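Student: File work-v9.txt below, compact mmCIF, C-alpha atoms:
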# COMPACT_ATOMS: atom_id res chain seq x y z
CA MET C 1 -54.61 146.05 319.72
CA LYS C 2 -56.88 146.10 316.70
CA ALA C 3 -59.55 148.68 316.19
CA PRO C 4 -63.11 147.36 316.30
CA LYS C 5 -64.80 146.52 313.05
CA TRP C 6 -67.31 149.36 313.11
CA TYR C 7 -64.52 151.88 313.56
CA ARG C 8 -62.60 150.54 310.58
CA LYS C 9 -65.77 150.66 308.52
CA LEU C 10 -66.35 154.25 309.60
CA GLU C 11 -62.78 155.09 308.74
CA GLN C 12 -63.13 153.53 305.32
CA TRP C 13 -66.33 155.45 304.72
CA VAL C 14 -64.70 158.68 305.74
CA GLU C 15 -61.54 158.15 303.77
CA GLY C 16 -63.44 157.34 300.63
CA ASP C 17 -60.77 155.36 298.84
CA ALA C 18 -58.31 152.75 299.97
CA ARG C 19 -55.36 154.60 298.52
CA ASP C 20 -54.84 156.81 301.55
CA LEU C 21 -55.81 154.08 303.96
CA LYS C 22 -52.76 151.85 303.86
CA GLU C 23 -49.90 154.05 304.85
CA PRO C 24 -51.15 155.68 308.05
CA LYS C 25 -52.46 152.34 309.25
CA ALA C 26 -49.04 150.68 309.10
CA HIS C 27 -47.58 153.69 310.84
CA ASP C 28 -50.11 153.44 313.63
CA GLU C 29 -49.40 149.75 314.10
CA SER C 30 -45.70 150.38 314.60
CA ILE C 31 -46.38 153.20 317.00
CA THR C 32 -48.61 151.12 319.23
CA GLU C 33 -46.09 148.30 319.15
CA SER C 34 -43.23 150.50 320.25
CA THR C 35 -45.42 152.04 322.90
CA ARG C 36 -46.17 148.61 324.27
CA LYS C 37 -42.47 147.86 324.33
CA ILE C 38 -41.80 150.91 326.43
CA GLU C 39 -44.66 150.12 328.72
CA ASN C 40 -43.41 146.58 329.29
CA HIS C 41 -39.94 147.95 329.90
CA ASN C 42 -38.14 144.89 328.73
CA GLY C 43 -34.50 145.78 328.33
CA PRO C 44 -33.52 143.91 325.14
CA SER C 45 -36.71 144.70 323.23
CA LEU C 46 -36.34 148.34 324.13
CA ILE C 47 -32.86 148.38 322.68
CA ARG C 48 -34.07 146.57 319.60
CA ALA C 49 -36.70 149.18 318.94
CA SER C 50 -35.30 151.57 316.42
CA ARG C 51 -34.33 155.04 317.47
CA SER C 52 -36.86 156.95 315.38
CA GLU C 53 -39.71 154.78 316.60
CA LEU C 54 -38.68 155.40 320.17
CA ILE C 55 -38.50 159.14 319.65
CA SER C 56 -41.89 159.33 317.98
CA ALA C 57 -43.48 157.17 320.70
CA VAL C 58 -41.99 159.30 323.46
CA SER C 59 -43.12 162.49 321.75
CA ARG C 60 -46.64 161.13 321.37
CA ILE C 61 -46.88 160.09 324.99
CA SER C 62 -45.45 163.41 326.17
CA ALA C 63 -47.95 165.25 323.96
CA VAL C 64 -50.81 163.39 325.61
CA ILE C 65 -49.40 164.10 329.06
CA CYS C 66 -48.98 167.80 328.21
CA CYS C 67 -52.58 167.98 327.01
CA PHE C 68 -53.87 166.43 330.20
CA VAL C 69 -51.75 168.71 332.39
CA LEU C 70 -53.02 171.74 330.47
CA LEU C 71 -56.59 170.50 330.79
CA VAL C 72 -56.24 170.05 334.56
CA VAL C 73 -54.64 173.48 334.97
CA MET C 74 -57.39 175.16 332.95
CA MET C 75 -60.17 173.37 334.82
CA PHE C 76 -58.52 174.38 338.08
CA THR C 77 -58.36 177.99 336.92
CA VAL C 78 -61.99 178.03 335.86
CA ALA C 79 -62.98 177.08 339.39
CA PHE C 80 -61.36 180.27 340.67
CA MET C 81 -62.95 182.62 338.14
CA PRO C 82 -65.11 185.33 339.70
CA THR C 83 -68.78 184.60 339.32
CA THR C 84 -70.96 187.16 337.60
CA SER C 85 -74.30 188.53 338.71
CA THR C 86 -74.15 187.64 342.37
CA GLU C 87 -74.65 189.81 345.40
CA SER C 88 -71.07 189.31 346.55
CA ASN C 89 -69.59 190.65 343.33
CA VAL C 90 -70.88 194.18 343.13
CA THR C 91 -68.39 195.73 340.75
CA MET C 92 -69.37 193.51 337.85
CA ASN C 93 -73.05 194.10 338.44
CA GLU C 94 -72.53 197.85 338.44
CA THR C 95 -71.00 198.02 334.97
CA ALA C 96 -73.66 195.89 333.34
CA LYS C 97 -76.46 197.73 335.10
CA ARG C 98 -75.09 201.08 334.07
CA TYR C 99 -74.78 200.00 330.45
CA ILE C 100 -78.36 198.74 330.40
CA GLU C 101 -80.00 201.56 332.31
CA GLN C 102 -78.11 204.63 331.15
CA GLY C 103 -76.55 203.50 327.89
CA MET C 104 -79.32 204.92 325.75
CA ASP C 105 -79.27 208.30 327.49
CA GLU C 106 -75.49 208.60 327.56
CA VAL C 107 -74.76 207.52 324.00
CA GLY C 108 -78.07 207.76 322.21
CA ALA C 109 -78.36 204.51 320.28
CA THR C 110 -81.29 202.17 320.78
CA ASN C 111 -79.10 199.16 319.99
CA LEU C 112 -77.29 198.61 323.26
CA VAL C 113 -74.74 196.27 321.72
CA ALA C 114 -73.62 199.07 319.38
CA ASN C 115 -73.39 201.40 322.37
CA ILE C 116 -71.09 199.04 324.20
CA ILE C 117 -68.81 197.85 321.40
CA LEU C 118 -68.41 201.20 319.66
CA VAL C 119 -68.42 203.74 322.48
CA TYR C 120 -67.89 202.20 325.90
CA ARG C 121 -65.48 199.63 324.48
CA GLY C 122 -64.56 201.62 321.39
CA PHE C 123 -60.84 201.23 321.89
CA ASP C 124 -61.13 197.42 321.79
CA THR C 125 -63.09 197.55 318.57
CA TYR C 126 -60.47 199.86 317.11
CA GLY C 127 -57.90 197.19 317.97
CA GLU C 128 -60.00 194.64 316.11
CA SER C 129 -60.06 196.86 313.03
CA CYS C 130 -56.29 197.14 313.22
CA VAL C 131 -56.11 193.34 313.38
CA LEU C 132 -58.15 193.16 310.16
CA PHE C 133 -55.81 195.69 308.54
CA LEU C 134 -52.79 193.68 309.64
CA GLY C 135 -54.38 190.48 308.38
CA ALA C 136 -54.92 191.95 304.93
CA THR C 137 -51.35 193.28 304.95
CA ALA C 138 -49.98 189.86 305.88
CA VAL C 139 -52.01 188.23 303.11
CA ILE C 140 -50.60 190.73 300.62
CA MET C 141 -47.07 190.05 301.84
CA LEU C 142 -47.47 186.28 301.55
CA LEU C 143 -49.59 185.87 298.45
CA ALA C 144 -48.90 188.87 296.21
CA ASN C 145 -47.30 188.08 292.87
CA ASP C 146 -43.56 188.39 292.98
CA ARG C 147 -42.57 189.46 289.49
CA LYS C 148 -38.86 188.89 290.09
CA ASN C 149 -39.05 185.40 291.52
CA GLU C 150 -41.92 183.72 289.72
CA THR C 151 -41.11 180.99 287.26
CA GLU C 152 -42.48 180.45 283.80
CA LYS C 153 -44.49 177.52 285.18
CA ASP C 154 -46.33 179.77 287.65
CA ARG C 155 -47.21 182.23 284.91
CA ALA C 156 -48.42 179.44 282.64
CA ALA C 157 -50.59 177.98 285.41
CA GLN C 158 -52.10 181.40 286.10
CA ARG C 159 -52.78 181.98 282.39
CA LEU C 160 -54.41 178.58 282.10
CA SER C 161 -56.56 179.21 285.13
CA ASP C 162 -57.68 182.58 283.76
CA LYS C 163 -58.40 181.00 280.38
CA LEU C 164 -60.48 178.27 281.99
CA ASP C 165 -62.45 180.86 283.93
CA ALA C 166 -63.08 182.91 280.80
CA LYS C 167 -63.89 179.90 278.64
CA ILE C 168 -66.70 178.46 280.69
CA PRO C 169 -69.40 181.12 281.04
CA ASN C 170 -71.51 180.05 283.96
CA GLN C 171 -74.95 181.26 282.93
CA VAL C 172 -76.58 180.22 286.21
CA LEU C 173 -74.05 182.22 288.21
CA VAL C 174 -74.46 185.28 285.99
CA ASP C 175 -78.26 185.21 286.21
CA VAL C 176 -78.25 184.67 289.96
CA THR C 177 -75.76 187.49 290.41
CA LYS C 178 -77.96 189.85 288.41
CA VAL C 179 -80.76 189.33 290.93
CA LEU C 180 -78.75 188.87 294.07
CA MET C 181 -76.04 191.49 293.91
CA PRO C 182 -78.19 194.65 294.16
CA VAL C 183 -80.14 193.09 297.02
CA LEU C 184 -76.94 192.14 298.82
CA LEU C 185 -75.41 195.59 298.37
CA LEU C 186 -78.57 197.33 299.52
CA TYR C 187 -78.96 195.05 302.52
CA GLY C 188 -75.32 195.54 303.45
CA ALA C 189 -75.69 199.31 303.27
CA TYR C 190 -78.90 199.10 305.31
CA ILE C 191 -77.19 197.08 308.03
CA LEU C 192 -74.28 199.53 308.03
CA CYS C 193 -76.41 202.64 308.35
CA ASN C 194 -78.85 201.11 310.83
CA GLY C 195 -76.21 199.71 313.14
CA HIS C 196 -77.28 201.97 315.99
CA LEU C 197 -80.99 201.17 315.61
CA SER C 198 -81.17 197.47 314.83
CA PRO C 199 -78.92 194.41 315.09
CA GLY C 200 -75.97 194.44 312.77
CA GLY C 201 -73.32 197.05 312.38
CA GLY C 202 -69.99 197.51 310.71
CA PHE C 203 -68.66 193.97 310.65
CA ALA C 204 -71.83 192.29 309.41
CA GLY C 205 -72.65 194.91 306.79
CA GLY C 206 -69.08 195.15 305.60
CA SER C 207 -68.77 191.42 305.10
CA LEU C 208 -72.07 191.43 303.17
CA ILE C 209 -70.75 194.14 300.83
CA GLY C 210 -67.47 192.26 300.46
CA GLY C 211 -69.39 189.09 299.64
CA ALA C 212 -71.40 190.94 296.99
CA MET C 213 -68.17 192.16 295.40
CA ILE C 214 -66.73 188.64 295.42
CA LEU C 215 -69.92 187.43 293.71
CA CYS C 216 -69.58 190.14 291.07
CA GLU C 217 -65.95 189.18 290.49
CA ASN C 218 -66.93 185.52 290.04
CA ALA C 219 -69.73 186.22 287.61
CA TYR C 220 -68.34 189.02 285.45
CA GLY C 221 -64.59 188.62 285.75
CA VAL C 222 -61.97 190.70 287.49
CA ASN C 223 -61.79 193.41 284.83
CA LYS C 224 -65.38 194.49 285.53
CA VAL C 225 -64.60 194.94 289.22
CA ARG C 226 -61.34 196.74 288.43
CA THR C 227 -63.29 199.51 286.73
CA PHE C 228 -64.67 200.68 290.06
CA PHE C 229 -62.44 198.99 292.63
CA GLY C 230 -58.82 198.96 291.60
CA HIS C 231 -55.55 199.19 293.44
CA THR C 232 -55.73 202.92 294.16
CA VAL C 233 -59.31 202.87 295.36
CA TYR C 234 -58.59 199.90 297.59
CA HIS C 235 -55.66 201.55 299.33
CA ALA C 236 -57.40 204.92 299.61
CA VAL C 237 -60.60 203.48 301.09
CA LYS C 238 -58.87 201.07 303.42
CA VAL C 239 -56.33 203.46 304.89
CA GLY C 240 -58.79 206.35 304.86
CA ALA C 241 -61.41 204.41 306.79
CA LEU C 242 -58.92 203.27 309.41
CA VAL C 243 -57.49 206.77 309.88
CA PHE C 244 -60.99 208.25 310.10
CA TYR C 245 -61.93 205.68 312.72
CA ALA C 246 -58.74 206.37 314.68
CA ALA C 247 -59.38 210.12 314.64
CA LEU C 248 -62.98 209.70 315.80
CA ILE C 249 -62.17 207.31 318.61
CA MET C 250 -59.23 209.43 319.79
CA TYR C 251 -61.43 212.51 319.82
CA THR C 252 -64.09 210.68 321.82
CA ILE C 253 -61.62 209.36 324.36
CA PHE C 254 -59.97 212.77 324.74
CA VAL C 255 -63.28 214.60 325.16
CA GLY C 256 -64.77 211.99 327.45
CA SER C 257 -61.79 211.75 329.79
CA ASN C 258 -61.53 215.53 330.14
CA GLY C 259 -65.24 216.12 330.63
CA LEU C 260 -65.58 218.41 327.60
CA GLU C 261 -68.61 218.96 325.41
CA ASN C 262 -68.86 216.48 322.53
CA ILE C 263 -69.55 218.20 319.21
CA PHE C 264 -71.39 215.17 317.82
CA PRO C 265 -75.08 215.58 318.68
CA LYS C 266 -76.88 212.66 320.26
CA GLY C 267 -80.16 213.44 318.55
CA THR C 268 -83.41 211.73 319.40
CA PRO C 269 -82.98 208.01 320.08
CA GLY C 270 -84.47 205.96 317.26
CA SER C 271 -83.94 208.34 314.37
CA LEU C 272 -81.40 207.63 311.65
CA LEU C 273 -79.16 210.63 312.32
CA SER C 274 -78.56 210.08 316.00
CA ALA C 275 -76.16 208.48 318.44
CA GLY C 276 -73.19 210.74 317.76
CA ILE C 277 -70.13 208.91 316.52
CA ILE C 278 -71.71 205.48 316.08
CA LEU C 279 -73.01 206.03 312.55
CA PRO C 280 -69.72 207.32 311.04
CA ILE C 281 -67.75 204.65 312.90
CA ASN C 282 -70.04 201.94 311.58
CA ILE C 283 -69.58 203.17 308.03
CA ALA C 284 -65.80 203.33 308.45
CA VAL C 285 -65.65 199.81 309.92
CA GLY C 286 -67.91 198.52 307.15
CA LEU C 287 -65.71 199.93 304.38
CA GLU C 288 -62.64 198.51 306.09
CA VAL C 289 -64.17 195.05 306.41
CA ALA C 290 -65.50 195.03 302.84
CA CYS C 291 -62.08 195.97 301.47
CA THR C 292 -60.40 193.31 303.60
CA MET C 293 -62.76 190.54 302.50
CA TYR C 294 -62.42 191.37 298.83
CA ALA C 295 -58.63 191.68 299.14
CA PHE C 296 -58.41 188.29 300.85
CA TYR C 297 -60.34 186.73 298.00
CA THR C 298 -58.44 188.32 295.13
CA TYR C 299 -55.03 187.73 296.65
CA PHE C 300 -55.91 184.09 297.28
CA VAL C 301 -57.09 183.65 293.70
CA ARG C 302 -54.55 185.50 291.58
CA GLY C 303 -52.14 187.34 293.81
CA GLU C 304 -53.15 190.85 292.77
CA LEU C 305 -56.12 193.13 293.03
CA MET J 1 -88.67 175.81 320.22
CA VAL J 2 -86.58 174.14 322.91
CA ALA J 3 -86.61 170.91 320.91
CA ILE J 4 -85.19 172.73 317.88
CA GLU J 5 -82.50 174.23 320.05
CA TYR J 6 -81.44 170.85 321.42
CA LEU J 7 -81.52 169.36 317.93
CA LEU J 8 -79.25 172.13 316.67
CA LEU J 9 -76.86 171.75 319.59
CA ILE J 10 -76.57 168.00 318.99
CA GLY J 11 -76.01 168.74 315.31
CA LEU J 12 -73.23 171.16 316.23
CA ILE J 13 -71.44 168.47 318.24
CA VAL J 14 -71.84 165.91 315.46
CA CYS J 15 -70.53 168.36 312.86
CA ALA J 16 -67.59 169.38 315.03
CA ILE J 17 -66.54 165.75 315.41
CA ALA J 18 -67.16 164.97 311.74
CA VAL J 19 -64.93 167.85 310.61
CA ASN J 20 -62.05 166.32 312.54
CA VAL J 21 -62.66 162.76 311.38
CA THR J 22 -63.17 163.45 307.69
CA LYS J 23 -60.00 163.13 305.66
CA HIS J 24 -61.07 164.57 302.31
CA LEU J 25 -60.95 168.31 301.98
CA LEU J 26 -64.16 169.13 300.11
CA PRO J 27 -66.50 167.26 302.50
CA THR J 28 -64.67 168.92 305.40
CA VAL J 29 -65.45 172.35 303.99
CA ILE J 30 -69.09 171.45 303.43
CA ILE J 31 -69.45 170.09 306.97
CA SER J 32 -67.92 173.26 308.39
CA VAL J 33 -70.46 175.27 306.37
CA THR J 34 -73.21 173.20 307.96
CA PHE J 35 -71.67 173.92 311.34
CA GLY J 36 -71.69 177.66 310.64
CA THR J 37 -75.30 177.68 309.45
CA MET J 38 -76.53 175.83 312.51
CA LEU J 39 -74.43 178.04 314.77
CA SER J 40 -76.00 181.17 313.31
CA VAL J 41 -79.49 179.79 313.96
CA VAL J 42 -78.42 178.96 317.51
CA TRP J 43 -77.21 182.55 317.98
CA LEU J 44 -80.60 183.75 316.79
CA LEU J 45 -82.42 181.46 319.24
CA LEU J 46 -80.13 182.66 322.03
CA LYS J 47 -81.26 186.23 321.21
CA ALA J 48 -77.98 187.44 319.77
CA PRO J 49 -79.03 188.61 316.29
CA ASP J 50 -75.85 190.66 315.83
CA LEU J 51 -73.75 187.55 316.07
CA ALA J 52 -76.19 185.60 313.90
CA ILE J 53 -75.84 188.05 311.00
CA THR J 54 -72.06 188.17 311.29
CA GLU J 55 -71.78 184.39 311.56
CA ALA J 56 -73.97 183.90 308.51
CA ALA J 57 -71.96 186.39 306.44
CA VAL J 58 -68.44 185.54 307.55
CA GLY J 59 -68.61 181.98 308.82
CA VAL J 60 -70.74 180.66 306.00
CA GLY J 61 -70.00 182.93 303.06
CA ILE J 62 -66.48 184.30 303.14
CA GLU J 63 -64.83 181.44 305.03
CA THR J 64 -66.12 178.89 302.54
CA ILE J 65 -64.86 180.89 299.60
CA LEU J 66 -61.42 181.23 301.17
CA TYR J 67 -61.22 177.51 301.95
CA LEU J 68 -62.29 176.52 298.44
CA MET J 69 -59.85 178.97 296.91
CA THR J 70 -57.02 177.57 299.04
CA ILE J 71 -57.88 174.01 298.04
CA ARG J 72 -57.86 175.07 294.41
CA LYS J 73 -54.58 176.90 294.89
CA VAL J 74 -52.80 173.80 296.17
CA HIS J 75 -54.19 171.83 293.20
CA HIS J 76 -56.20 169.38 295.20
CA PHE J 77 -59.01 169.35 292.68
CA GLU J 78 -57.97 167.22 289.76
CA GLY J 79 -57.92 168.74 286.32
CA ILE J 80 -57.05 172.30 287.23
CA GLY J 81 -53.50 173.47 286.75
CA ASP J 82 -52.13 169.98 286.12
CA GLU J 83 -52.15 170.25 282.34
CA THR J 84 -49.09 172.47 282.25
CA GLU J 85 -46.72 169.72 283.35
Any chance you could give the structure as structure tokens?
Tutor:
Amino acid sequence: MKAPKWYRKLEQWVEGDARDLKEPKAHDESITESTRKIENHNGPSLIRASRSELISAVSRISAVICCFVLLVVMMFTVAFMPTTSTESNVTMNETAKRYIEQGMDEVGATNLVANIILVYRGFDTYGESCVLFLGATAVIMLLANDRKNETEKDRAAQRLSDKLDAKIPNQVLVDVTKVLMPVLLLYGAYILCNGHLSPGGGFAGGSLIGGAMILCENAYGVNKVRTFFGHTVYHAVKVGALVFYAALIMYTIFVGSNGLENIFPKGTPGSLLSAGIILPINIAVGLEVACTMYAFYTYFVRGEL
Amino acid sequence: MVAIEYLLLIGLIVCAIAVNVTKHLLPTVIISVTFGTMLSVVWLLLKAPDLAITEAAVGVGIETILYLMTIRKVHHFEGIGDETE
């Protein structure tokens, strides 16, 4: 069973060089051969096939079968999913209609998406923020420099990498950063603060600010960023934003479920200071996301902030 | 406008297959960036600007940086970190 010529050509084009091409090919050949042996079910040839080949062939076939079974089960399940927006399914229609018709009056933001994800479904979004926090924590656990266990080779490689970065001043990057970074920061802040009026919000604005900080780190070196965003600031902002968010969302849930008066004013829809808790929540989420993005980057590059 | 949408959707499928087929790491990253860019335009055409902004910032910007940094960390690029041996 040889692959057609055009496929081999495509494979060669994709692989780029013949060095990687030889080994997997031979492997594939043996696999198909052993598979054929099992399919033919000839006794002696089956015994002759080596044990490891047999095991790998069986595992491959069982993987394919498992995939197909899963596919069939999922397709079958999809057929039984409740359909949305039909006359027979009133409960689903009611929620969506209420969000669209009364969302602006009840919450006060003209951006309905912000209404839904930050107030009606605020608890879910809080969970997402916690996932980001956990992700950053896991990255720190895995990639942070371990002073006790690192070898001299690791340190030398890190020093060399830093030296290479410092040695080659990338004038294009520096000039572009000079123009781009203020615009990025301003745009990120705009998206953050206008999350309840226009598309955007915490996640988008926060990742823009994080990207601007990564750009600054690339162009000017880590010591420049450390002057305003070091270890202490990172932990304070990150934990502070999450705690602030948790307090706000808990307060909203408590007040809403007990039918009490909310102290955050709704204001007039469309003005900047309106929509109650959405603006502070957006800012908290944005700070959280910006910190997480920058922390991901720095821990991937050098294992410390 | 519909033609652009179909073009982008076909491009998405092509990119998604190409990411799986390509064996070298740097082209894979670049193809996935292409995928993200087209996806963000598709979100915009489907009237989901929130998602479009987030996709453009995270899927195109941050994700690429993280992939490139990981490739550099495992010394796939030749000439970086190999001189110490």
Student: Return the single residue from C:Gly240, C:Pro199, C:Gly303, C:Gly267 that is closest to chain J, with distances computed using all atoms listed in the file.
Tutor: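 So, comparing all the options, the nearest one is C:Pro199.
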Student: Output as an MDAnalysis selection string the set of chain J residues within 12 Å of chain C, with distances taken over only C-alpha atoms.
Tutor: chainID J and resid 18:28 44 47:75 79:85
Student: Report, in Å with one decimal, the straight-line distance from atom CA of C:Met75 to atom CA of C:Ala63.
Tutor: 18.3 Å
Student: Can you work out the spacing between atom CA of C:Ala96 and atom CA of C:Ser257 in Å, to one decimal?
Tutor: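 Computed distance, atom CA of C:Ala96 to atom CA of C:Ser257, equals 20.1 Å.
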Student: If you measure from atom CA of C:Ala275 to atom CA of C:Leu197, what distance in Å do you get, rounded to one decimal?
Tutor: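 One can read the atom CA of C:Ala275 to atom CA of C:Leu197 distance as 9.2 Å.
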Student: Residues within 9 Å of J:Leu9, please, as a list in words. Count all atoms listed in the file; anything in the same chain fewer than 3 positions from it doesn't count.
Tutor: Ile4, Glu5, Tyr6, Leu12, Ile13, Val14, Met38, Leu39 and Val42 of chain J
Student: Excluding same-chain residues fewer than 3 positions from C:Asp105, what lies within 12 Å of it counting all atoms listed in the file, as a PDB file with C-alpha atoms, in the frame of the given file?
Tutor:
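Written output follows (part.pdb):
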ATOM      1  CA  ARG C  98     -75.090 201.080 334.070  1.00  0.00           C
ATOM      2  CA  TYR C  99     -74.780 200.000 330.450  1.00  0.00           C
ATOM      3  CA  ILE C 100     -78.360 198.740 330.400  1.00  0.00           C
ATOM      4  CA  GLU C 101     -80.000 201.560 332.310  1.00  0.00           C
ATOM      5  CA  GLN C 102     -78.110 204.630 331.150  1.00  0.00           C
ATOM      6  CA  GLY C 108     -78.070 207.760 322.210  1.00  0.00           C
ATOM      7  CA  ALA C 109     -78.360 204.510 320.280  1.00  0.00           C
ATOM      8  CA  THR C 110     -81.290 202.170 320.780  1.00  0.00           C
ATOM      9  CA  ASN C 111     -79.100 199.160 319.990  1.00  0.00           C
ATOM     10  CA  LEU C 112     -77.290 198.610 323.260  1.00  0.00           C
ATOM     11  CA  ASN C 115     -73.390 201.400 322.370  1.00  0.00           C
ATOM     12  CA  LYS C 266     -76.880 212.660 320.260  1.00  0.00           C
ATOM     13  CA  GLY C 267     -80.160 213.440 318.550  1.00  0.00           C
ATOM     14  CA  THR C 268     -83.410 211.730 319.400  1.00  0.00           C
ATOM     15  CA  PRO C 269     -82.980 208.010 320.080  1.00  0.00           C
ATOM     16  CA  GLY C 270     -84.470 205.960 317.260  1.00  0.00           C
ATOM     17  CA  SER C 274     -78.560 210.080 316.000  1.00  0.00           C
ATOM     18  CA  ALA C 275     -76.160 208.480 318.440  1.00  0.00           C
ATOM     19  CA  GLY C 276     -73.190 210.740 317.760  1.00  0.00           C
TER      20      GLY C 276
END
Student: Which of these residues is nearest to C:Ala284, using only C-alpha atoms: C:Phe264, C:Tyr190, C:Tyr126, C:Tyr299?
Tutor: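 Closest to C:Ala284 of all the choices is C:Tyr126.
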Student: Would you kindly identify which residues have an atom no farther than 7 Å from (-85.0, 180.3, 322.8), using only C-alpha atoms and the file's own coordinates, and write them out as a ChimeraX atom specification?
Tutor: /J:1-2,45-46
Student: Measuring between all atoms listed in the file, which one of C:Tyr120, C:Lys238, C:Val289, C:Glu152 shows the shortest distance to C:Gly188?
Tutor: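 Of C:Tyr120, C:Lys238, C:Val289, C:Glu152, the one nearest C:Gly188 is C:Val289, counting all atoms listed in the file.
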Student: So which residues fall inside 8 Å of (-72.0, 171.2, 309.7) if we count all atoms listed in the file? Mind giving them as an mmCIF file with C-alpha atoms, keeping the file's coordinate frame?
Tutor:
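The file below, result-v1.cif, is the result:
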data_model
loop_
_atom_site.group_PDB
_atom_site.id
_atom_site.type_symbol
_atom_site.label_atom_id
_atom_site.label_comp_id
_atom_site.auth_asym_id
_atom_site.auth_seq_id
_atom_site.Cartn_x
_atom_site.Cartn_y
_atom_site.Cartn_z
ATOM 1 C CA GLY J 11 -76.010 168.740 315.310
ATOM 2 C CA LEU J 12 -73.230 171.160 316.230
ATOM 3 C CA VAL J 14 -71.840 165.910 315.460
ATOM 4 C CA CYS J 15 -70.530 168.360 312.860
ATOM 5 C CA ALA J 16 -67.590 169.380 315.030
ATOM 6 C CA VAL J 19 -64.930 167.850 310.610
ATOM 7 C CA ILE J 30 -69.090 171.450 303.430
ATOM 8 C CA ILE J 31 -69.450 170.090 306.970
ATOM 9 C CA SER J 32 -67.920 173.260 308.390
ATOM 10 C CA VAL J 33 -70.460 175.270 306.370
ATOM 11 C CA THR J 34 -73.210 173.200 307.960
ATOM 12 C CA PHE J 35 -71.670 173.920 311.340
ATOM 13 C CA GLY J 36 -71.690 177.660 310.640
ATOM 14 C CA THR J 37 -75.300 177.680 309.450
ATOM 15 C CA MET J 38 -76.530 175.830 312.510
#
